[in-house]
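Shown here: model03.txt, compact mmCIF, C-alpha atoms.
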# COMPACT_ATOMS: atom_id res chain seq x y z
CA MET E 1 -12.37 -31.54 -244.74
CA SER E 2 -13.93 -32.50 -248.07
CA ASN E 3 -14.93 -35.91 -246.70
CA VAL E 4 -16.86 -34.45 -243.75
CA ARG E 5 -20.56 -35.33 -244.02
CA SER E 6 -23.21 -32.85 -243.01
CA ASP E 7 -26.67 -33.95 -242.02
CA LYS E 8 -29.70 -33.11 -244.10
CA PRO E 9 -33.38 -33.70 -243.42
CA PHE E 10 -35.09 -36.88 -244.56
CA THR E 11 -37.35 -35.62 -247.33
CA VAL E 12 -39.66 -37.64 -249.58
CA ALA E 13 -41.97 -36.17 -252.22
CA GLY E 14 -41.41 -32.70 -250.83
CA ARG E 15 -42.29 -33.64 -247.24
CA THR E 16 -39.73 -33.65 -244.43
CA PHE E 17 -39.77 -36.15 -241.57
CA GLN E 18 -37.89 -36.26 -238.28
CA SER E 19 -37.85 -40.05 -237.96
CA ARG E 20 -35.87 -42.20 -240.39
CA LEU E 21 -37.70 -45.34 -239.30
CA LEU E 22 -40.71 -46.44 -241.33
CA VAL E 23 -42.81 -49.29 -239.97
CA GLY E 24 -45.41 -51.72 -241.21
CA THR E 25 -48.71 -52.47 -239.52
CA GLY E 26 -49.18 -56.21 -240.14
CA LYS E 27 -48.46 -59.34 -238.09
CA TYR E 28 -49.24 -57.89 -234.66
CA LYS E 29 -51.53 -59.85 -232.32
CA ASP E 30 -54.14 -57.08 -232.20
CA MET E 31 -54.79 -53.40 -232.87
CA GLU E 32 -53.62 -52.34 -229.41
CA GLU E 33 -50.22 -53.96 -229.82
CA THR E 34 -49.98 -52.31 -233.23
CA ARG E 35 -50.68 -48.92 -231.70
CA LEU E 36 -48.24 -49.33 -228.81
CA ALA E 37 -45.38 -50.64 -230.97
CA ILE E 38 -45.71 -47.88 -233.54
CA GLU E 39 -45.83 -45.24 -230.81
CA ALA E 40 -42.66 -46.71 -229.26
CA SER E 41 -40.87 -46.71 -232.62
CA GLY E 42 -41.24 -42.97 -233.05
CA ALA E 43 -42.10 -43.58 -236.71
CA GLU E 44 -44.04 -40.92 -238.60
CA ILE E 45 -44.64 -42.96 -241.77
CA VAL E 46 -46.58 -46.21 -241.42
CA THR E 47 -47.17 -48.50 -244.35
CA VAL E 48 -50.43 -50.37 -244.80
CA ALA E 49 -51.27 -53.30 -247.09
CA VAL E 50 -54.42 -52.06 -248.79
CA ARG E 51 -55.45 -55.57 -249.88
CA ARG E 52 -55.20 -56.96 -246.34
CA THR E 53 -56.22 -54.06 -244.10
CA ASN E 54 -59.49 -52.26 -243.58
CA LEU E 55 -59.09 -48.54 -244.23
CA GLY E 56 -62.82 -47.99 -244.52
CA GLN E 57 -63.59 -50.24 -247.47
CA ASN E 58 -65.25 -52.76 -245.09
CA PRO E 59 -67.85 -50.85 -243.03
CA GLY E 60 -68.55 -52.37 -239.64
CA GLU E 61 -65.11 -53.97 -239.28
CA PRO E 62 -62.27 -52.54 -237.15
CA ASN E 63 -60.57 -49.74 -239.06
CA LEU E 64 -56.80 -49.34 -238.71
CA LEU E 65 -57.17 -45.58 -239.06
CA ASP E 66 -58.97 -45.52 -235.70
CA VAL E 67 -55.72 -46.43 -233.91
CA LEU E 68 -53.32 -44.80 -236.40
CA PRO E 69 -55.06 -41.54 -237.31
CA PRO E 70 -53.88 -39.84 -240.53
CA ASP E 71 -53.60 -36.50 -238.72
CA ARG E 72 -50.81 -38.02 -236.60
CA TYR E 73 -49.15 -40.44 -239.03
CA THR E 74 -48.39 -40.32 -242.74
CA ILE E 75 -50.17 -43.39 -244.08
CA LEU E 76 -48.19 -45.12 -246.82
CA PRO E 77 -50.51 -47.50 -248.69
CA ASN E 78 -48.64 -50.44 -250.23
CA THR E 79 -49.45 -52.99 -252.89
CA ALA E 80 -48.35 -56.09 -250.95
CA GLY E 81 -49.96 -59.19 -252.42
CA CYS E 82 -49.92 -57.87 -256.00
CA TYR E 83 -48.22 -59.99 -258.66
CA ASP E 84 -48.63 -57.87 -261.79
CA ALA E 85 -48.65 -54.22 -262.78
CA ILE E 86 -52.39 -54.00 -263.47
CA GLU E 87 -53.26 -55.28 -259.99
CA ALA E 88 -50.76 -52.92 -258.33
CA VAL E 89 -52.03 -49.85 -260.18
CA ARG E 90 -55.63 -50.72 -259.31
CA THR E 91 -54.68 -51.08 -255.63
CA CYS E 92 -52.97 -47.68 -255.56
CA ARG E 93 -56.00 -46.04 -257.14
CA LEU E 94 -58.24 -47.67 -254.52
CA ALA E 95 -55.97 -46.35 -251.76
CA ARG E 96 -56.12 -42.84 -253.20
CA GLU E 97 -59.90 -43.01 -253.15
CA LEU E 98 -60.05 -44.35 -249.58
CA LEU E 99 -57.57 -41.76 -248.29
CA ASP E 100 -59.15 -38.70 -249.92
CA GLY E 101 -56.70 -38.12 -252.75
CA HIS E 102 -53.53 -39.25 -250.95
CA ASN E 103 -50.82 -39.74 -253.61
CA LEU E 104 -47.85 -41.14 -251.66
CA VAL E 105 -47.72 -44.91 -252.16
CA LYS E 106 -45.32 -47.80 -251.75
CA LEU E 107 -45.21 -49.94 -254.87
CA GLU E 108 -44.29 -53.59 -254.60
CA VAL E 109 -44.99 -56.15 -257.32
CA LEU E 110 -43.98 -59.64 -256.23
CA ALA E 111 -42.68 -62.47 -258.39
CA ASP E 112 -43.85 -65.47 -256.34
CA GLN E 113 -45.15 -66.44 -252.92
CA LYS E 114 -42.09 -68.47 -251.90
CA THR E 115 -39.45 -65.73 -252.13
CA LEU E 116 -41.59 -62.55 -252.27
CA PHE E 117 -38.81 -61.28 -254.52
CA PRO E 118 -39.79 -58.29 -256.66
CA ASN E 119 -40.87 -58.84 -260.24
CA VAL E 120 -38.79 -56.01 -261.70
CA ILE E 121 -40.40 -56.10 -265.15
CA GLU E 122 -43.90 -55.63 -263.73
CA THR E 123 -42.55 -53.13 -261.17
CA LEU E 124 -41.14 -50.95 -263.95
CA LYS E 125 -44.46 -51.08 -265.83
CA ALA E 126 -46.48 -50.17 -262.75
CA ALA E 127 -44.10 -47.39 -261.74
CA GLU E 128 -44.36 -45.75 -265.15
CA THR E 129 -48.17 -45.81 -265.07
CA LEU E 130 -48.41 -44.54 -261.49
CA VAL E 131 -45.97 -41.67 -262.00
CA LYS E 132 -47.90 -40.56 -265.08
CA ASP E 133 -51.10 -40.81 -263.00
CA GLY E 134 -49.75 -38.31 -260.45
CA PHE E 135 -48.65 -40.69 -257.70
CA ASP E 136 -45.54 -40.17 -255.58
CA VAL E 137 -44.04 -43.65 -255.78
CA MET E 138 -41.71 -45.19 -253.23
CA VAL E 139 -40.73 -48.49 -254.80
CA TYR E 140 -39.62 -51.87 -253.41
CA THR E 141 -37.02 -53.35 -255.71
CA SER E 142 -34.18 -55.81 -256.02
CA ASP E 143 -30.62 -54.85 -255.12
CA ASP E 144 -29.77 -54.41 -258.81
CA PRO E 145 -28.21 -50.93 -259.26
CA ILE E 146 -29.37 -50.74 -262.89
CA ILE E 147 -33.02 -51.36 -262.01
CA ALA E 148 -32.78 -48.86 -259.14
CA ARG E 149 -31.42 -46.27 -261.59
CA GLN E 150 -34.21 -46.94 -264.09
CA LEU E 151 -36.90 -46.58 -261.41
CA ALA E 152 -35.46 -43.22 -260.37
CA GLU E 153 -35.33 -42.10 -264.02
CA ILE E 154 -39.01 -43.03 -264.43
CA GLY E 155 -39.76 -40.59 -261.62
CA CYS E 156 -40.06 -42.65 -258.44
CA CYS E 157 -39.47 -40.43 -255.40
CA ALA E 158 -37.53 -43.12 -253.48
CA VAL E 159 -36.04 -46.54 -254.23
CA MET E 160 -36.26 -49.25 -251.59
CA PRO E 161 -33.95 -52.19 -252.32
CA LEU E 162 -34.25 -55.30 -250.22
CA ALA E 163 -31.38 -56.16 -247.90
CA GLY E 164 -32.69 -59.71 -247.51
CA LEU E 165 -35.90 -61.51 -248.40
CA ILE E 166 -39.09 -60.17 -246.80
CA GLY E 167 -39.71 -61.58 -243.34
CA THR E 168 -36.48 -63.58 -243.09
CA GLY E 169 -34.62 -61.40 -240.60
CA LEU E 170 -31.34 -62.38 -242.24
CA GLY E 171 -29.94 -58.87 -241.98
CA ILE E 172 -27.94 -56.94 -244.58
CA CYS E 173 -27.03 -59.69 -247.05
CA ASN E 174 -25.86 -57.42 -249.86
CA PRO E 175 -23.90 -54.41 -248.55
CA TYR E 176 -21.80 -54.02 -251.70
CA ASN E 177 -24.76 -53.79 -254.07
CA LEU E 178 -26.43 -51.37 -251.68
CA GLN E 179 -23.29 -49.22 -251.68
CA ILE E 180 -23.38 -48.96 -255.47
CA ILE E 181 -27.05 -47.96 -255.40
CA LEU E 182 -26.32 -45.38 -252.71
CA GLU E 183 -23.40 -43.88 -254.64
CA GLU E 184 -25.40 -43.55 -257.86
CA SER E 185 -28.88 -42.65 -256.66
CA LYS E 186 -30.28 -39.15 -257.05
CA VAL E 187 -33.35 -40.00 -254.95
CA PRO E 188 -33.55 -41.27 -251.35
CA VAL E 189 -32.54 -44.91 -250.83
CA LEU E 190 -34.26 -46.87 -248.06
CA VAL E 191 -33.56 -50.44 -247.03
CA ASP E 192 -36.79 -52.41 -247.26
CA ALA E 193 -36.90 -56.04 -246.07
CA GLY E 194 -34.40 -58.30 -244.35
CA VAL E 195 -33.84 -56.46 -241.08
CA GLY E 196 -34.04 -58.80 -238.08
CA THR E 197 -32.67 -56.86 -235.13
CA ALA E 198 -31.37 -53.47 -234.09
CA SER E 199 -27.80 -54.00 -235.33
CA ASP E 200 -29.12 -54.69 -238.85
CA ALA E 201 -30.90 -51.33 -238.87
CA THR E 202 -27.74 -49.61 -237.65
CA ILE E 203 -25.64 -51.19 -240.41
CA ALA E 204 -28.14 -50.01 -243.05
CA MET E 205 -27.89 -46.47 -241.73
CA GLU E 206 -24.08 -46.62 -241.47
CA LEU E 207 -23.99 -47.48 -245.18
CA GLY E 208 -25.68 -44.15 -245.85
CA CYS E 209 -29.32 -45.13 -246.35
CA GLU E 210 -31.77 -42.30 -245.82
CA ALA E 211 -34.09 -44.52 -243.78
CA VAL E 212 -35.16 -48.10 -243.09
CA LEU E 213 -38.57 -49.73 -243.42
CA MET E 214 -39.42 -52.81 -241.36
CA ASN E 215 -42.34 -54.82 -240.05
CA SER E 216 -41.50 -58.43 -239.14
CA ALA E 217 -38.42 -57.50 -237.08
CA ILE E 218 -40.69 -55.65 -234.66
CA ALA E 219 -43.96 -57.58 -234.92
CA HIS E 220 -42.30 -61.01 -234.57
CA ALA E 221 -40.04 -60.05 -231.67
CA GLN E 222 -40.85 -61.67 -228.33
CA GLN E 223 -41.57 -58.17 -227.00
CA PRO E 224 -42.62 -56.07 -230.01
CA VAL E 225 -43.00 -52.78 -228.14
CA LEU E 226 -39.51 -53.06 -226.63
CA MET E 227 -38.03 -54.00 -230.01
CA ALA E 228 -39.75 -51.00 -231.60
CA GLU E 229 -38.00 -48.73 -229.13
CA ALA E 230 -34.69 -50.51 -229.76
CA MET E 231 -35.11 -49.87 -233.49
CA LYS E 232 -35.72 -46.17 -232.87
CA HIS E 233 -32.36 -45.90 -231.10
CA ALA E 234 -30.60 -48.12 -233.66
CA ILE E 235 -31.62 -45.82 -236.51
CA LEU E 236 -30.39 -42.77 -234.61
CA ALA E 237 -27.07 -44.43 -233.73
CA GLY E 238 -26.49 -45.60 -237.30
CA ARG E 239 -27.16 -42.17 -238.75
CA MET E 240 -24.83 -40.51 -236.26
CA ALA E 241 -22.08 -43.04 -236.96
CA TYR E 242 -22.47 -42.48 -240.70
CA LEU E 243 -22.14 -38.73 -240.26
CA ALA E 244 -19.19 -39.11 -237.86
CA GLY E 245 -17.23 -41.32 -240.27
CA ARG E 246 -15.74 -44.51 -238.85
CA MET E 247 -12.04 -45.00 -238.23
CA GLN E 248 -10.03 -46.87 -240.86
CA LYS E 249 -9.63 -50.59 -240.34
CA LYS E 250 -6.04 -51.76 -239.75
CA LEU E 251 -4.45 -55.16 -239.78
CA TYR E 252 -2.20 -54.50 -236.79
CA ALA E 253 -2.66 -52.84 -233.44
CA SER E 254 -1.94 -49.17 -232.88
CA ALA E 255 -1.47 -47.68 -229.40
CA SER E 256 -4.29 -45.49 -228.16
CA SER E 257 -1.91 -43.24 -226.25
CA PRO E 258 1.14 -41.42 -227.71
CA LEU E 259 4.58 -42.91 -226.97
CA ASP E 260 6.30 -39.52 -226.53
CA GLY E 261 7.19 -38.56 -222.97
CA LEU E 262 6.96 -42.04 -221.46
CA ILE E 263 8.65 -42.39 -218.06
CA LYS E 264 11.76 -44.52 -218.43
Translate this structure into structure tokens?
Amino acid sequence: MSNVRSDKPFTVAGRTFQSRLLVGTGKYKDMEETRLAIEASGAEIVTVAVRRTNLGQNPGEPNLLDVLPPDRYTILPNTAGCYDAIEAVRTCRLARELLDGHNLVKLEVLADQKTLFPNVIETLKAAETLVKDGFDVMVYTSDDPIIARQLAEIGCCAVMPLAGLIGTGLGICNPYNLQIILEESKVPVLVDAGVGTASDATIAMELGCEAVLMNSAIAHAQQPVLMAEAMKHAILAGRMAYLAGRMQKKLYASASSPLDGLIK
């Protein structure tokens, strides 16, 4: 019985959430589609690119918080579009000001525009500064177990390794690296980037991830609201399968029914 897994709540920075699906708010055709898709997803945490989204810093323009009110959703400001630590730290401080002292942020420092791969050196620098500044940092990173360990040691409240490049929809390209990160991590591990469809989300959860964050997989679907609902169920199914423990794989067939007592 020692291998039996028991469920535990999804907790980040001392807050507990029912949904293990985190969603982005970009790439939808309009605010109404954004609202409907996020409602269908059942997500409680929504991530927002501070540099690309109006959260009140542009008076007179549509404000995302009008359709995704902070009293209903946990807003997770992110530093998408930042390419060095200084820029990322400045963006987080702006978000804290706009959201009345909100400290939970998603840190991402990108290396280049072609791959959107994380710049781990600048990510480590930014993480250290933000943690010292009182932020609760959920951090987008590579699938390098050593970097993930260092980010947790700095004090990040969750590590979010990519499963594939941002926006590619290639699925879980690196299950073995993710498994190492999951085995070693003392903070929640969330897959961030690469998910393309519901089965990808399920695989991430079956590996043992605490949650999955996605945007393009929903927003770029032909029917985003329907895909959002599919993702909600995929996350639930993957978590249940992880807890249940899959059967062992075998090379040869094995009868489903016992052979004893067959009529001869």
So which residues are close to (-34.4, -47.6, -250.9), meaning at most 8 Å away in the file's coordinates with all atoms listed in the file counted, and can you show them as a list in words?
->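 Selection result: Val139, Tyr140, Thr141, Ala158, Val159, Met160, Pro161, Leu162, Pro188, Val189, Leu190, Val191, Asp192, Cys209, Glu210, Ala211 and Val212 of chain E.
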Spatial neighbours of Gln113 of chain E, 12 Å, all atoms listed in the file, chain gap at least 5 places, as a PDB file with C-alpha atoms, in the frame of the given file:
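Once written, result-v2.pdb looks like this:
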ATOM      1  CA  ALA E  80     -48.350 -56.090-250.950  1.00  0.00           C
ATOM      2  CA  GLY E  81     -49.960 -59.190-252.420  1.00  0.00           C
ATOM      3  CA  CYS E  82     -49.920 -57.870-256.000  1.00  0.00           C
ATOM      4  CA  TYR E  83     -48.220 -59.990-258.660  1.00  0.00           C
ATOM      5  CA  PRO E 118     -39.790 -58.290-256.660  1.00  0.00           C
ATOM      6  CA  ASN E 119     -40.870 -58.840-260.240  1.00  0.00           C
ATOM      7  CA  LEU E 165     -35.900 -61.510-248.400  1.00  0.00           C
ATOM      8  CA  ILE E 166     -39.090 -60.170-246.800  1.00  0.00           C
TER       9      ILE E 166
END
For the atom pair atom CA of Glu39 of chain E and atom CA of Tyr73 of chain E, what is the interatomic distance in Å to one decimal place?
->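 Straight-line distance from atom CA of Glu39 of chain E to atom CA of Tyr73 of chain E works out to 10.1 Å.
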Can you tell me, as a PyMOL selection string, what residues are no more than 9 Å from Leu236 of chain E when counting only C-alpha atoms, ignoring any on the same chain fewer than 6 positions away?
-> chain E and resi 19-20+202+205
Mind listing whatever residues come within 7 Å of the point (-62.3, -50.4, -250.2)? Use only C-alpha atoms, file coordinates, and give them as a VMD selection string.
-> chain E and resid 56 to 58 94 98
Output of the above residues as a CSV table (one decimal), keeping the file's coordinate frame, restricted to C-alpha atoms:
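The result, written out as part06.csv:
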chain,number,residue,atom,x,y,z
E,56,GLY,CA,-62.8,-48.0,-244.5
E,57,GLN,CA,-63.6,-50.2,-247.5
E,58,ASN,CA,-65.2,-52.8,-245.1
E,94,LEU,CA,-58.2,-47.7,-254.5
E,98,LEU,CA,-60.0,-44.4,-249.6
Do you know which residues are at most 12 Å from Glu87 of chain E counting only C-alpha atoms, after dropping those on the same chain fewer than 2 positions away, and could you put them as a list in words?
->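 Skipping anything fewer than 2 positions along the chain leaves Val50, Arg51, Asn78, Thr79, Ala80, Gly81, Cys82, Tyr83, Asp84, Ala85, Val89, Arg90, Thr91, Cys92, Arg93, Leu94, Leu107, Glu108, Val109, Leu110, Glu122, Thr123, Lys125, Ala126, Thr129 and Leu130 of chain E.
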For Ala49 of chain E, the nearest of the candidates E:Ala95, E:Ala198, E:Val12, E:Leu22, counting all atoms listed in the file =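 Between E:Ala95, E:Ala198, E:Val12, E:Leu22, the residue approaching Ala49 of chain E most closely is E:Ala95.
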Spatial neighbours of segment 4-7 of chain E, 12 Å, all atoms listed in the file, chain gap at least 6 places, as a ChimeraX atom specification = /E:208,210,239-246
Extract, using only C-alpha atoms, all DNA, RNA and protein residues at most 10 Å from Leu64 of chain E, discarding same-chain residues fewer than 5 positions from it, and format them as JSON, numbers by chain.
-> {"E": [25, 31, 34, 35, 48, 53, 54, 55, 56, 69]}
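For the atom pair formed by atom CA of Asp200 of chain E and atom CA of Leu251 of chain E, the distance is 24.7 Å, given to one decimal.
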Pick from E:Ile235, E:Ala253, E:Gln223, E:Leu124: nearest to Gly42 of chain E, with all atoms listed in the file counted?
->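 Among E:Ile235, E:Ala253, E:Gln223, E:Leu124, it is E:Ile235 that comes nearest to Gly42 of chain E.
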In Å, with one decimal, what is the gap from atom CA of Pro62 of chain E to atom CA of Lys29 of chain E?
->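 One can read the atom CA of Pro62 of chain E to atom CA of Lys29 of chain E distance as 13.9 Å.
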Work out where the centre of an axis-aligned box around every listed atom of segment 137-156 of chain E lies and how long its edges are once 3 Å is added on each side; give both in Å to one decimal as AutoDock Vina command-line options.
--center_x -36.1 --center_y -48.2 --center_z -258.8 --size_x 21.8 --size_y 21.2 --size_z 17.2
Which is closer to Phe117 of chain E than all the others in E:Ser142, E:Thr168, E:Asp133, E:Asp100, using only C-alpha atoms?
-> E:Ser142
Best match for closeness to Glu184 of chain E among E:Leu170, E:Ala237, E:Ala217, E:Ala152, counting only C-alpha atoms | E:Ala152
Rank nothing, just name the residue among E:Tyr252, E:Ala13, E:Leu207, E:Ala37 nearest to Glu229 of chain E, using all atoms listed in the file.
->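 Looking only at the distances to Glu229 of chain E, the closest residue turns out to be E:Ala37.
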Would you mind completing segment 75-86 of chain E so that it carries all heavy atoms, and writing it out as a compact mmCIF listing (two decimals), in the coordinates of the input?
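What ended up in rebuild_6.txt:
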# COMPACT_ATOMS: atom_id res chain seq x y z
N ILE E 75 -49.81 -42.03 -243.66
CA ILE E 75 -50.17 -43.39 -244.08
C ILE E 75 -49.56 -43.64 -245.46
O ILE E 75 -49.74 -42.85 -246.38
CB ILE E 75 -51.70 -43.58 -244.13
CG1 ILE E 75 -52.34 -43.20 -242.78
CG2 ILE E 75 -52.04 -45.00 -244.52
CD1 ILE E 75 -51.88 -44.04 -241.60
N LEU E 76 -48.83 -44.75 -245.56
CA LEU E 76 -48.19 -45.12 -246.82
C LEU E 76 -48.83 -46.41 -247.33
O LEU E 76 -48.43 -47.51 -246.96
CB LEU E 76 -46.68 -45.32 -246.61
CG LEU E 76 -45.84 -45.71 -247.83
CD1 LEU E 76 -45.86 -44.61 -248.88
CD2 LEU E 76 -44.40 -46.03 -247.41
N PRO E 77 -49.87 -46.30 -248.16
CA PRO E 77 -50.51 -47.50 -248.69
C PRO E 77 -49.52 -48.30 -249.53
O PRO E 77 -48.74 -47.71 -250.30
CB PRO E 77 -51.65 -46.98 -249.56
CG PRO E 77 -51.71 -45.52 -249.32
CD PRO E 77 -50.43 -45.08 -248.74
N ASN E 78 -49.52 -49.62 -249.40
CA ASN E 78 -48.64 -50.44 -250.23
C ASN E 78 -49.43 -51.48 -250.99
O ASN E 78 -50.58 -51.78 -250.67
CB ASN E 78 -47.51 -51.06 -249.39
CG ASN E 78 -47.99 -52.12 -248.44
OD1 ASN E 78 -48.57 -53.13 -248.84
ND2 ASN E 78 -47.74 -51.93 -247.14
N THR E 79 -48.78 -52.04 -252.00
CA THR E 79 -49.45 -52.99 -252.89
C THR E 79 -49.03 -54.43 -252.60
O THR E 79 -48.96 -55.26 -253.50
CB THR E 79 -49.18 -52.64 -254.36
OG1 THR E 79 -47.76 -52.69 -254.59
CG2 THR E 79 -49.68 -51.25 -254.70
N ALA E 80 -48.72 -54.73 -251.33
CA ALA E 80 -48.35 -56.09 -250.95
C ALA E 80 -49.44 -57.06 -251.40
O ALA E 80 -50.64 -56.78 -251.27
CB ALA E 80 -48.17 -56.18 -249.44
N GLY E 81 -49.02 -58.19 -251.93
CA GLY E 81 -49.96 -59.19 -252.42
C GLY E 81 -50.29 -59.04 -253.89
O GLY E 81 -51.06 -59.85 -254.44
N CYS E 82 -49.70 -58.05 -254.56
CA CYS E 82 -49.92 -57.87 -256.00
C CYS E 82 -48.80 -58.55 -256.79
O CYS E 82 -47.63 -58.43 -256.44
CB CYS E 82 -49.97 -56.39 -256.35
SG CYS E 82 -51.40 -55.53 -255.66
N TYR E 83 -49.18 -59.22 -257.88
CA TYR E 83 -48.22 -59.99 -258.66
C TYR E 83 -48.12 -59.53 -260.12
O TYR E 83 -47.44 -60.16 -260.91
CB TYR E 83 -48.56 -61.49 -258.58
CG TYR E 83 -48.31 -62.05 -257.20
CD1 TYR E 83 -49.29 -61.98 -256.23
CD2 TYR E 83 -47.08 -62.60 -256.85
CE1 TYR E 83 -49.07 -62.47 -254.95
CE2 TYR E 83 -46.84 -63.09 -255.58
CZ TYR E 83 -47.84 -63.02 -254.63
OH TYR E 83 -47.60 -63.49 -253.36
N ASP E 84 -48.82 -58.45 -260.46
CA ASP E 84 -48.63 -57.87 -261.79
C ASP E 84 -48.94 -56.38 -261.72
O ASP E 84 -49.49 -55.88 -260.74
CB ASP E 84 -49.50 -58.56 -262.85
CG ASP E 84 -50.98 -58.47 -262.57
OD1 ASP E 84 -51.49 -57.35 -262.40
OD2 ASP E 84 -51.65 -59.52 -262.52
N ALA E 85 -48.54 -55.68 -262.76
CA ALA E 85 -48.65 -54.22 -262.78
C ALA E 85 -50.09 -53.75 -262.71
O ALA E 85 -50.41 -52.78 -262.01
CB ALA E 85 -47.96 -53.67 -264.03
N ILE E 86 -50.99 -54.42 -263.43
CA ILE E 86 -52.39 -54.00 -263.47
C ILE E 86 -53.00 -54.03 -262.07
O ILE E 86 -53.68 -53.09 -261.63
CB ILE E 86 -53.19 -54.90 -264.44
CG1 ILE E 86 -52.72 -54.66 -265.88
CG2 ILE E 86 -54.69 -54.66 -264.31
CD1 ILE E 86 -53.33 -55.61 -266.90
